[in-house]
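Peer 1: The structure file work37.csv (CSV, C-alpha atoms) is provided below.
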chain,number,residue,atom,x,y,z
A,1,MET,CA,59.3,6.9,173.9
A,2,PRO,CA,62.6,4.9,173.3
A,3,ARG,CA,65.9,6.8,173.0
A,4,LYS,CA,67.3,7.4,169.5
A,5,THR,CA,70.8,8.3,170.7
A,6,CYS,CA,73.3,6.6,173.0
A,7,ALA,CA,73.3,8.0,176.6
A,8,GLU,CA,77.2,7.6,176.6
A,9,CYS,CA,78.5,8.7,173.2
A,10,GLY,CA,75.5,10.2,171.6
A,11,GLY,CA,75.7,7.8,168.6
A,12,PRO,CA,72.6,6.4,167.0
A,13,ILE,CA,70.8,3.4,168.6
A,14,LYS,CA,69.0,0.7,166.7
A,15,GLN,CA,66.0,-0.2,168.7
A,16,PRO,CA,64.7,-3.7,168.3
A,17,LYS,CA,61.1,-4.2,167.1
A,18,GLY,CA,58.6,-5.9,169.3
A,19,ARG,CA,58.6,-6.3,173.1
A,20,GLY,CA,61.3,-5.7,175.6
A,21,ARG,CA,63.1,-3.0,177.3
A,22,PRO,CA,64.4,-0.2,175.0
A,23,ARG,CA,68.1,0.2,174.6
A,24,VAL,CA,69.9,3.0,176.3
A,25,TYR,CA,73.4,2.5,174.8
A,26,CYS,CA,74.6,1.8,171.3
A,27,GLY,CA,76.7,-1.2,172.4
A,28,GLN,CA,78.6,-3.0,175.1
A,29,LEU,CA,81.6,-0.6,175.0
A,30,CYS,CA,79.3,2.3,175.9
A,31,ARG,CA,77.3,0.3,178.5
A,32,ASN,CA,80.6,-0.7,180.2
A,33,ALA,CA,81.9,2.9,180.1
A,34,ALA,CA,78.7,4.2,181.7
A,35,TYR,CA,78.9,1.4,184.4
A,36,GLU,CA,82.5,2.3,185.2
A,37,LYS,CA,81.5,6.0,185.5
A,38,ARG,CA,78.7,5.2,187.8
A,39,ARG,CA,81.1,3.2,190.0
A,40,GLY,CA,83.5,6.2,190.0
A,41,ALA,CA,86.4,4.2,188.7
A,42,LYS,CA,88.4,5.0,185.5
A,43,SER,CA,87.4,2.5,182.9
A,44,ARG,CA,89.8,1.0,180.4
A,45,SER,CA,87.0,1.5,177.8
A,46,ALA,CA,86.6,5.1,178.9
A,47,ALA,CA,90.3,5.7,178.3
A,48,ALA,CA,89.8,4.4,174.7
A,49,PRO,CA,88.8,6.9,172.1
A,50,ASP,CA,85.0,7.3,171.9
A,51,ARG,CA,82.9,6.6,168.9
A,52,LYS,CA,82.4,10.3,168.1
A,53,GLN,CA,86.1,10.8,167.8
A,54,ILE,CA,86.5,7.8,165.5
A,55,ASP,CA,83.6,9.0,163.3
A,56,GLU,CA,85.0,12.5,163.0
A,57,GLY,CA,88.5,11.2,162.3
A,58,ARG,CA,90.0,13.0,165.3
A,59,LEU,CA,92.3,10.2,166.5
A,60,THR,CA,95.7,11.1,167.9
A,61,VAL,CA,98.8,8.9,167.4
A,62,GLY,CA,98.3,7.8,171.1
A,63,ASP,CA,94.8,6.7,170.3
A,64,VAL,CA,95.9,4.6,167.4
A,65,LEU,CA,98.7,3.1,169.4
A,66,GLN,CA,96.3,2.3,172.3
A,67,MET,CA,93.9,0.7,169.8
A,68,ARG,CA,96.7,-1.5,168.4
A,69,GLN,CA,97.8,-2.5,171.9
A,70,LEU,CA,94.2,-3.5,172.8
A,71,GLN,CA,93.8,-5.4,169.6
A,72,ALA,CA,97.2,-7.2,170.2
A,73,ALA,CA,96.1,-8.1,173.8
A,74,ARG,CA,92.8,-9.5,172.5
A,75,GLU,CA,94.5,-11.5,169.8
A,76,GLU,CA,96.8,-13.0,172.5
A,77,ARG,CA,93.8,-13.9,174.7
A,78,LEU,CA,92.2,-15.6,171.7
A,79,LEU,CA,95.3,-17.7,171.1
A,80,TRP,CA,95.1,-18.9,174.8
A,81,ILE,CA,91.4,-19.5,174.5
A,82,ASP,CA,92.0,-21.6,171.3
A,83,ALA,CA,94.7,-23.6,173.1
A,84,ILE,CA,92.3,-24.4,176.0
A,85,LEU,CA,89.3,-25.2,173.8
A,86,ASP,CA,91.4,-27.4,171.4
A,87,SER,CA,92.1,-29.7,174.4
A,88,PRO,CA,89.1,-31.6,175.8
A,89,THR,CA,91.0,-32.0,179.1
A,90,SER,CA,91.8,-28.3,179.4
A,91,THR,CA,88.2,-27.4,178.5
A,92,THR,CA,86.9,-29.8,181.2
A,93,ASP,CA,89.3,-28.3,183.7
A,94,LEU,CA,88.2,-24.8,182.8
A,95,MET,CA,84.5,-25.6,183.1
A,96,GLN,CA,85.0,-27.4,186.4
A,97,GLU,CA,86.9,-24.4,187.8
A,98,LEU,CA,84.2,-22.0,186.6
A,99,ILE,CA,81.4,-24.2,188.1
A,100,CYS,CA,83.2,-24.3,191.5
A,101,ARG,CA,83.7,-20.5,191.5
A,102,ILE,CA,80.0,-20.0,190.7
A,103,ALA,CA,79.1,-22.4,193.5
A,104,LEU,CA,81.3,-20.5,195.9
A,105,GLY,CA,79.6,-17.2,194.9
A,106,LEU,CA,82.8,-15.7,193.4
A,107,VAL,CA,81.3,-15.0,189.9
A,108,LEU,CA,77.6,-14.2,190.0
A,109,GLU,CA,77.9,-11.5,192.6
A,110,ASP,CA,80.7,-9.7,190.8
A,111,MET,CA,79.4,-7.4,188.1
A,112,ARG,CA,82.6,-7.6,186.1
A,113,TYR,CA,81.6,-11.1,185.2
A,114,GLN,CA,78.1,-10.2,184.0
A,115,PRO,CA,78.9,-10.4,180.2
A,116,ALA,CA,80.4,-13.9,180.9
A,117,VAL,CA,77.4,-15.0,182.9
A,118,ASN,CA,75.1,-13.8,180.1
A,119,GLN,CA,77.0,-15.9,177.7
A,120,LEU,CA,76.7,-18.9,180.0
A,121,VAL,CA,72.9,-18.4,180.0
A,122,VAL,CA,73.0,-18.4,176.2
A,123,ALA,CA,75.0,-21.6,176.1
A,124,TYR,CA,72.7,-23.3,178.6
A,125,ARG,CA,69.7,-22.4,176.5
A,126,MET,CA,71.4,-23.6,173.3
A,127,ILE,CA,72.2,-26.9,174.9
A,128,GLY,CA,68.6,-27.2,176.1
A,129,ARG,CA,67.3,-26.7,172.6
A,130,ILE,CA,69.9,-29.2,171.1
A,131,THR,CA,68.9,-31.9,173.7
A,132,ASN,CA,65.2,-31.1,173.5
A,133,GLY,CA,65.2,-29.9,177.1
A,134,ASN,CA,66.7,-33.1,178.6
A,135,PHE,CA,69.9,-31.4,179.7
A,136,ARG,CA,70.3,-30.6,183.5
A,137,LEU,CA,73.1,-28.9,185.2
A,138,PRO,CA,75.3,-31.2,187.3
A,139,ALA,CA,75.2,-31.1,191.1
A,140,VAL,CA,78.2,-29.5,192.7
A,141,ASN,CA,79.7,-31.1,195.8
A,142,ALA,CA,81.5,-28.5,197.9
Re-express the file's structure as structure tokens.
Peer 2:
Amino acid sequence: MPRKTCAECGGPIKQPKGRGRPRVYCGQLCRNAAYEKRRGAKSRSAAAPDRKQIDEGRLTVGDVLQMRQLQAAREERLLWIDAILDSPTSTTDLMQELICRIALGLVLEDMRYQPAVNQLVVAYRMIGRITNGNFRLPAVNA
């Protein structure tokens, strides 16, 4: 029987219809917080207010300030990302560096990069659909 509530915050979970593994967490924030707890390290997301606090309106001034700081940091990251992606040369450099790090085993084995790796898989599948399956990853020479 699939869960109806999140194992981390107790919030409701929308279970997808059809086949597949049932969801345990309501979202990426709770999944990351649970992962950090299992590792025994204090998570940045665990330090953030949980969904239950937000739903019940029990935020402190510190919580609001922390949320604003996290939002500001995210906005700054997005500006840097836009600057890289607006330049074909910078985008190529970024992709080459990422491919090299994957080839050296510095990304796939590090669980902190799992969300990024998942997005790479999505991008690879999208490119495959766009090119009717004719796209192949380039060979990496070490």
Peer 1: If I take CA of Arg74 in chain A and CA of Asn32 in chain A, how far is one from the other in Å, to one decimal?
Peer 2: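 Pair CA of Arg74 in chain A / CA of Asn32 in chain A returns 16.9 Å.
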Peer 1: Need to verify the contact set: Pro2 in chain A, 8 Å, only C-alpha atoms, exclusion of same-chain residues closer than 6 positions in sequence. Can you return it as a VMD selection string?
Peer 2: chain A and resid 15 22 to 23
Peer 1: Pick out the closest residue to Arg31 in chain A from this set: A:Lys4, A:Cys9, A:Glu75, A:Met126. Count all atoms listed in the file.
Peer 2: A:Cys9
Peer 1: Of the candidates A:Val117, A:Leu79, A:Val61, A:Ser87, which one gets nearest to Arg101 in chain A if we count only C-alpha atoms?
Peer 2: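 Ranked by minimum distance to Arg101 in chain A, first place goes to A:Val117.
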Peer 1: Measure the distance from CA of Phe135 in chain A to CA of Trp80 in chain A in Å and round it to one decimal.
Peer 2: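 These two atoms are separated by 28.6 Å.
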Peer 1: Which protein, DNA or RNA residues are at most 12 Å from (75.9, -1.1, 174.4) in the file's coordinates when you count only C-alpha atoms, listed as a list of chain:residue names?
Peer 2: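 Applying the cut-off with only C-alpha atoms, one gets A:Thr5, A:Cys6, A:Ala7, A:Glu8, A:Cys9, A:Gly10, A:Gly11, A:Pro12, A:Ile13, A:Lys14, A:Gln15, A:Pro22, A:Arg23, A:Val24, A:Tyr25, A:Cys26, A:Gly27, A:Gln28, A:Leu29, A:Cys30, A:Arg31, A:Asn32, A:Ala33, A:Ala34, A:Tyr35, A:Ser45, A:Arg51, A:Pro115.
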Peer 1: Limited to C-alpha atoms, could you put the picked residues into a file as a PDB file, in the frame of the given file?
Peer 2:
ATOM      1  CA  THR A   5      70.800   8.300 170.700  1.00  0.00           C
ATOM      2  CA  CYS A   6      73.300   6.600 173.000  1.00  0.00           C
ATOM      3  CA  ALA A   7      73.300   8.000 176.600  1.00  0.00           C
ATOM      4  CA  GLU A   8      77.200   7.600 176.600  1.00  0.00           C
ATOM      5  CA  CYS A   9      78.500   8.700 173.200  1.00  0.00           C
ATOM      6  CA  GLY A  10      75.500  10.200 171.600  1.00  0.00           C
ATOM      7  CA  GLY A  11      75.700   7.800 168.600  1.00  0.00           C
ATOM      8  CA  PRO A  12      72.600   6.400 167.000  1.00  0.00           C
ATOM      9  CA  ILE A  13      70.800   3.400 168.600  1.00  0.00           C
ATOM     10  CA  LYS A  14      69.000   0.700 166.700  1.00  0.00           C
ATOM     11  CA  GLN A  15      66.000  -0.200 168.700  1.00  0.00           C
ATOM     12  CA  PRO A  22      64.400  -0.200 175.000  1.00  0.00           C
ATOM     13  CA  ARG A  23      68.100   0.200 174.600  1.00  0.00           C
ATOM     14  CA  VAL A  24      69.900   3.000 176.300  1.00  0.00           C
ATOM     15  CA  TYR A  25      73.400   2.500 174.800  1.00  0.00           C
ATOM     16  CA  CYS A  26      74.600   1.800 171.300  1.00  0.00           C
ATOM     17  CA  GLY A  27      76.700  -1.200 172.400  1.00  0.00           C
ATOM     18  CA  GLN A  28      78.600  -3.000 175.100  1.00  0.00           C
ATOM     19  CA  LEU A  29      81.600  -0.600 175.000  1.00  0.00           C
ATOM     20  CA  CYS A  30      79.300   2.300 175.900  1.00  0.00           C
ATOM     21  CA  ARG A  31      77.300   0.300 178.500  1.00  0.00           C
ATOM     22  CA  ASN A  32      80.600  -0.700 180.200  1.00  0.00           C
ATOM     23  CA  ALA A  33      81.900   2.900 180.100  1.00  0.00           C
ATOM     24  CA  ALA A  34      78.700   4.200 181.700  1.00  0.00           C
ATOM     25  CA  TYR A  35      78.900   1.400 184.400  1.00  0.00           C
ATOM     26  CA  SER A  45      87.000   1.500 177.800  1.00  0.00           C
ATOM     27  CA  ARG A  51      82.900   6.600 168.900  1.00  0.00           C
ATOM     28  CA  PRO A 115      78.900 -10.400 180.200  1.00  0.00           C
TER      29      PRO A 115
END
Peer 1: Mind giving me the straight-line distance from CA of Cys100 in chain A to CA of Gln114 in chain A in Å, one decimal?
Peer 2: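 Atom-to-atom, CA of Cys100 in chain A and CA of Gln114 in chain A are spaced 16.8 Å apart.
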Peer 1: May I ask which of the residues A:Leu98, A:Gly20, A:Glu76, A:Gly62 is the closest one to Tyr113 in chain A, counting all atoms listed in the file?
Peer 2: A:Leu98
Peer 1: Using all atoms listed in the file, which of A:Ala103, A:Met111, A:Leu120, A:Gly133 sits nearest Arg39 in chain A?
Peer 2: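 Closest candidate: A:Met111.
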